[in-house]
Amino acid sequence: MIFISAILVLGIDNQSFAQEYKIKTIVIDAGHGGRDGNTRGLYSAEKDVALKTALRLGKLIEDNLKDVKVVYTRTTDVFIPLYERIGLANTVKADLFISIHCNDMPVYTTRYISGYTRKKGKKIPIYKYRSAKSTSTRGTETFVSGTGRINEQDDAIKRENASIFLEDNYKENYEGFNPDDPESAIILSLMKNTFRTQSLKLAKFVQDEYVKVGRINRGVQEKSLAVLARAGMPAILTEIGFISNPAEEDYMNSEAGQIEITECLLKAIQAYKASVEI
């Protein structure tokens, strides 16, 4: 009974067991774009680096995996709502969804005493505030869809999900995406669990390839990401480096860095493809 139920949930019938499984379509999503593009380094924007990387990866896949079709969520600097990105992947019946982003550190504010004044004979400090962000944090991390309460999300996840609020009618578009609500959390958990194992496998392959070329490994994490929540296929979001770190910003914008990053992603896809194809 449990086995039959699993077959029904996954949409597998007896005929499927007799058919070979192949990775035929990969959707590549360049994160952010258009008015959703405030994350910047010293001289470049995340949305531009993500797009450059996505287009390069797509070309690499087409050149090396002749039997795989590549579909992009965007090929120019335009704003694409998150639900449309994964909606496109579901519509074209993609076998993989890969979203490319650059990481960033949050701005923090410190208070310091800049001088003193006197009031009613008392010495009163004069406070000023300085805003800055860490420029030393570096490394790569890859996310798969998970469940977690909003107030437990880290800054990277809050930043990625914040794109929702730039969309018109976002409440209608993301009806059901509320990790704080027990019922919707259960629904999202069931959806993501269908492809959880495959997504984690692909994410691990990606991180393994980054490590092989000397990148700092920040690991594979399961988080409540709106862009991945309704994926009808294995789906990952990979942060290729910290744009807030000057050295990593240079690396991600350089020809050598672009080649290395996209080759890591290609090798991970090839490894995943070889492991799941029948």
# chains A, B, ... in the order shown; residues from 1 in each chain; ligands from 1

$ residues_around --residues "A:Asn217" --least-positions-apart "5" --cutoff "7 Å" --atoms "only C-alpha atoms" --output "mmCIF file with all heavy atoms, in the first residue's frame"
data_model
loop_
_atom_site.group_PDB
_atom_site.id
_atom_site.type_symbol
_atom_site.label_atom_id
_atom_site.label_comp_id
_atom_site.auth_asym_id
_atom_site.auth_seq_id
_atom_site.Cartn_x
_atom_site.Cartn_y
_atom_site.Cartn_z
ATOM 1 N N GLY A 139 33.299 32.458 -0.104
ATOM 2 C CA GLY A 139 32.940 31.054 -0.253
ATOM 3 C C GLY A 139 31.656 30.844 -1.044
ATOM 4 O O GLY A 139 30.989 31.790 -1.470
ATOM 5 N N THR A 140 31.340 29.589 -1.242
ATOM 6 C CA THR A 140 30.162 29.206 -2.022
ATOM 7 C C THR A 140 29.224 28.377 -1.152
ATOM 8 O O THR A 140 29.653 27.666 -0.246
ATOM 9 C CB THR A 140 30.561 28.356 -3.240
ATOM 10 O OG1 THR A 140 31.180 27.143 -2.779
ATOM 11 C CG2 THR A 140 31.530 29.110 -4.141
ATOM 12 N N GLU A 141 27.938 28.461 -1.452
ATOM 13 C CA GLU A 141 26.950 27.607 -0.802
ATOM 14 C C GLU A 141 25.804 27.370 -1.776
ATOM 15 O O GLU A 141 25.542 28.188 -2.662
ATOM 16 C CB GLU A 141 26.447 28.220 0.508
ATOM 17 C CG GLU A 141 25.896 29.616 0.391
ATOM 18 C CD GLU A 141 25.691 30.264 1.767
ATOM 19 O OE1 GLU A 141 25.596 29.536 2.768
ATOM 20 O OE2 GLU A 141 25.613 31.504 1.822
ATOM 21 N N GLN A 207 28.757 21.630 -4.904
ATOM 22 C CA GLN A 207 29.714 22.040 -3.875
ATOM 23 C C GLN A 207 31.025 21.253 -3.975
ATOM 24 O O GLN A 207 32.113 21.811 -3.772
ATOM 25 C CB GLN A 207 29.105 21.875 -2.489
ATOM 26 C CG GLN A 207 28.034 22.904 -2.145
ATOM 27 C CD GLN A 207 28.542 24.335 -2.184
ATOM 28 O OE1 GLN A 207 27.998 25.191 -2.882
ATOM 29 N NE2 GLN A 207 29.605 24.612 -1.438
ATOM 30 N N VAL A 211 34.845 22.860 -4.419
ATOM 31 C CA VAL A 211 35.952 22.523 -3.511
ATOM 32 C C VAL A 211 37.176 22.055 -4.289
ATOM 33 O O VAL A 211 38.315 22.382 -3.946
ATOM 34 C CB VAL A 211 35.504 21.436 -2.504
ATOM 35 C CG1 VAL A 211 36.701 20.887 -1.733
ATOM 36 C CG2 VAL A 211 34.476 22.000 -1.541
#

$ closest_atom_pairs --of "stretch 208-249 of chain A" --to "stretch 50-59 of chain A" --cutoff "12 Å" --atoms "only C-alpha atoms" --output "Markdown table"
| residue | atom | partner | partner_atom | distance |
| --- | --- | --- | --- | --- |
| A:Leu237 | CA | A:Ala50 | CA | 11.4 |
| A:Thr238 | CA | A:Ala50 | CA | 10.2 |
| A:Glu239 | CA | A:Ala50 | CA | 9.3 |
| A:Ile240 | CA | A:Ala50 | CA | 8.7 |
| A:Gly241 | CA | A:Ala50 | CA | 10.5 |
| A:Phe242 | CA | A:Ala50 | CA | 11.9 |
| A:Ile243 | CA | A:Ala50 | CA | 10.7 |
| A:Glu249 | CA | A:Ala50 | CA | 11.7 |

$ write_last_selection --atoms "N, CA, C and O atoms" --output "CSV table (one decimal), in the first residue's frame"
chain,number,residue,atom,x,y,z
A,237,LEU,N,19.5,26.5,-5.8
A,237,LEU,CA,20.0,27.9,-5.9
A,237,LEU,C,21.4,27.9,-5.4
A,237,LEU,O,21.7,27.5,-4.3
A,238,THR,N,22.3,28.3,-6.3
A,238,THR,CA,23.8,28.3,-5.9
A,238,THR,C,24.3,29.7,-5.9
A,238,THR,O,24.1,30.5,-6.8
A,239,GLU,N,24.9,30.0,-4.7
A,239,GLU,CA,25.6,31.3,-4.5
A,239,GLU,C,27.1,31.1,-4.9
A,239,GLU,O,27.8,30.4,-4.2
A,240,ILE,N,27.5,31.7,-6.0
A,240,ILE,CA,28.8,31.4,-6.6
A,240,ILE,C,29.9,32.2,-6.0
A,240,ILE,O,31.1,32.0,-6.3
A,241,GLY,N,29.6,33.1,-5.0
A,241,GLY,CA,30.7,33.8,-4.3
A,241,GLY,C,30.1,35.1,-3.7
A,241,GLY,O,28.9,35.4,-3.9
A,242,PHE,N,30.9,35.8,-2.9
A,242,PHE,CA,30.4,37.0,-2.2
A,242,PHE,C,30.8,38.2,-3.0
A,242,PHE,O,32.0,38.5,-3.1
A,243,ILE,N,29.8,38.9,-3.5
A,243,ILE,CA,30.1,40.1,-4.3
A,243,ILE,C,30.5,41.3,-3.3
A,243,ILE,O,31.1,42.3,-3.8
A,249,GLU,N,34.6,39.4,-5.9
A,249,GLU,CA,34.0,40.2,-7.0
A,249,GLU,C,34.9,40.2,-8.2
A,249,GLU,O,34.4,40.0,-9.3

$ select_by_dssp --residues "stretch 72-109 of chain A" --states "helix (DSSP H, G or I)" --output "ChimeraX atom specification"
/A:82-91

$ write_last_selection --atoms "C-alpha atoms" --output "compact mmCIF listing (two decimals), in the first residue's frame"
# COMPACT_ATOMS: atom_id res chain seq x y z
CA LEU A 82 9.84 34.50 -8.80
CA TYR A 83 6.64 32.54 -9.45
CA GLU A 84 7.11 32.98 -13.20
CA ARG A 85 10.64 31.58 -13.04
CA ILE A 86 9.64 28.28 -11.53
CA GLY A 87 6.37 28.41 -13.47
CA LEU A 88 8.37 28.42 -16.70
CA ALA A 89 10.35 25.39 -15.52
CA ASN A 90 7.15 23.53 -14.70
CA THR A 91 5.59 24.50 -18.04

$ closest_residue --among "A:Val213, A:Ile269, A:Cys102, A:Met233" --to "A:Thr39" --atoms "only C-alpha atoms"
A:Cys102

$ residues_around --residues "A:Asp104" --least-positions-apart "2" --cutoff "10 Å" --atoms "only C-alpha atoms" --output "list in words"
Thr39, Arg40, Gly41, Glu46, His101, Cys102, Pro106, Val107, Lys133, Ser134, Thr135, Thr137, Arg138, Asp155, Ala156, Arg159, Glu239, Gly241, Phe242, Ile243, Ser244 and Asn245 of chain A

$ write_last_selection --atoms "N, CA and C atoms" --output "mmCIF file, in the first residue's frame"
data_model
loop_
_atom_site.group_PDB
_atom_site.id
_atom_site.type_symbol
_atom_site.label_atom_id
_atom_site.label_comp_id
_atom_site.auth_asym_id
_atom_site.auth_seq_id
_atom_site.Cartn_x
_atom_site.Cartn_y
_atom_site.Cartn_z
ATOM 1 N N THR A 39 21.697 44.643 -5.048
ATOM 2 C CA THR A 39 22.891 44.044 -4.447
ATOM 3 C C THR A 39 24.100 44.311 -5.328
ATOM 4 N N ARG A 40 25.094 44.989 -4.760
ATOM 5 C CA ARG A 40 26.260 45.405 -5.531
ATOM 6 C C ARG A 40 27.541 45.171 -4.760
ATOM 7 N N GLY A 41 28.635 45.027 -5.517
ATOM 8 C CA GLY A 41 29.966 45.041 -4.944
ATOM 9 C C GLY A 41 30.533 46.430 -5.118
ATOM 10 N N GLU A 46 25.002 42.176 -8.660
ATOM 11 C CA GLU A 46 24.732 40.738 -8.644
ATOM 12 C C GLU A 46 23.935 40.312 -9.873
ATOM 13 N N HIS A 101 23.141 32.926 -8.263
ATOM 14 C CA HIS A 101 23.152 34.161 -7.488
ATOM 15 C C HIS A 101 24.558 34.457 -6.985
ATOM 16 N N CYS A 102 24.745 35.699 -6.515
ATOM 17 C CA CYS A 102 25.959 36.080 -5.787
ATOM 18 C C CYS A 102 25.553 36.407 -4.356
ATOM 19 N N PRO A 106 25.235 41.466 5.051
ATOM 20 C CA PRO A 106 24.335 42.555 5.449
ATOM 21 C C PRO A 106 25.106 43.761 5.971
ATOM 22 N N VAL A 107 24.508 44.932 5.829
ATOM 23 C CA VAL A 107 25.092 46.154 6.378
ATOM 24 C C VAL A 107 24.817 46.185 7.881
ATOM 25 N N LYS A 133 29.825 46.911 6.026
ATOM 26 C CA LYS A 133 29.557 45.482 5.887
ATOM 27 C C LYS A 133 30.878 44.733 5.826
ATOM 28 N N SER A 134 30.845 43.472 6.192
ATOM 29 C CA SER A 134 32.060 42.661 6.143
ATOM 30 C C SER A 134 32.481 42.463 4.695
ATOM 31 N N THR A 135 33.765 42.670 4.442
ATOM 32 C CA THR A 135 34.285 42.435 3.090
ATOM 33 C C THR A 135 35.212 41.225 3.046
ATOM 34 N N THR A 137 34.227 37.992 4.276
ATOM 35 C CA THR A 137 33.497 36.729 4.145
ATOM 36 C C THR A 137 33.520 36.262 2.698
ATOM 37 N N ARG A 138 33.793 34.966 2.492
ATOM 38 C CA ARG A 138 33.875 34.438 1.131
ATOM 39 C C ARG A 138 33.427 32.986 1.098
ATOM 40 N N ASP A 155 20.275 35.982 6.566
ATOM 41 C CA ASP A 155 20.190 37.168 5.719
ATOM 42 C C ASP A 155 20.150 36.836 4.239
ATOM 43 N N ALA A 156 20.862 35.793 3.830
ATOM 44 C CA ALA A 156 20.873 35.429 2.407
ATOM 45 C C ALA A 156 19.477 35.040 1.946
ATOM 46 N N ARG A 159 17.100 37.980 1.784
ATOM 47 C CA ARG A 159 17.389 38.806 0.617
ATOM 48 C C ARG A 159 16.799 38.201 -0.651
ATOM 49 N N GLU A 239 24.932 30.012 -4.737
ATOM 50 C CA GLU A 239 25.594 31.308 -4.520
ATOM 51 C C GLU A 239 27.051 31.120 -4.913
ATOM 52 N N GLY A 241 29.620 33.077 -5.012
ATOM 53 C CA GLY A 241 30.654 33.828 -4.321
ATOM 54 C C GLY A 241 30.067 35.080 -3.699
ATOM 55 N N PHE A 242 30.865 35.769 -2.905
ATOM 56 C CA PHE A 242 30.409 36.980 -2.228
ATOM 57 C C PHE A 242 30.802 38.215 -3.019
ATOM 58 N N ILE A 243 29.799 38.924 -3.515
ATOM 59 C CA ILE A 243 30.083 40.147 -4.266
ATOM 60 C C ILE A 243 30.545 41.254 -3.324
ATOM 61 N N SER A 244 30.313 41.081 -2.028
ATOM 62 C CA SER A 244 30.771 42.049 -1.022
ATOM 63 C C SER A 244 32.249 41.871 -0.695
ATOM 64 N N ASN A 245 32.848 40.782 -1.165
ATOM 65 C CA ASN A 245 34.274 40.533 -0.969
ATOM 66 C C ASN A 245 35.007 40.987 -2.240
#
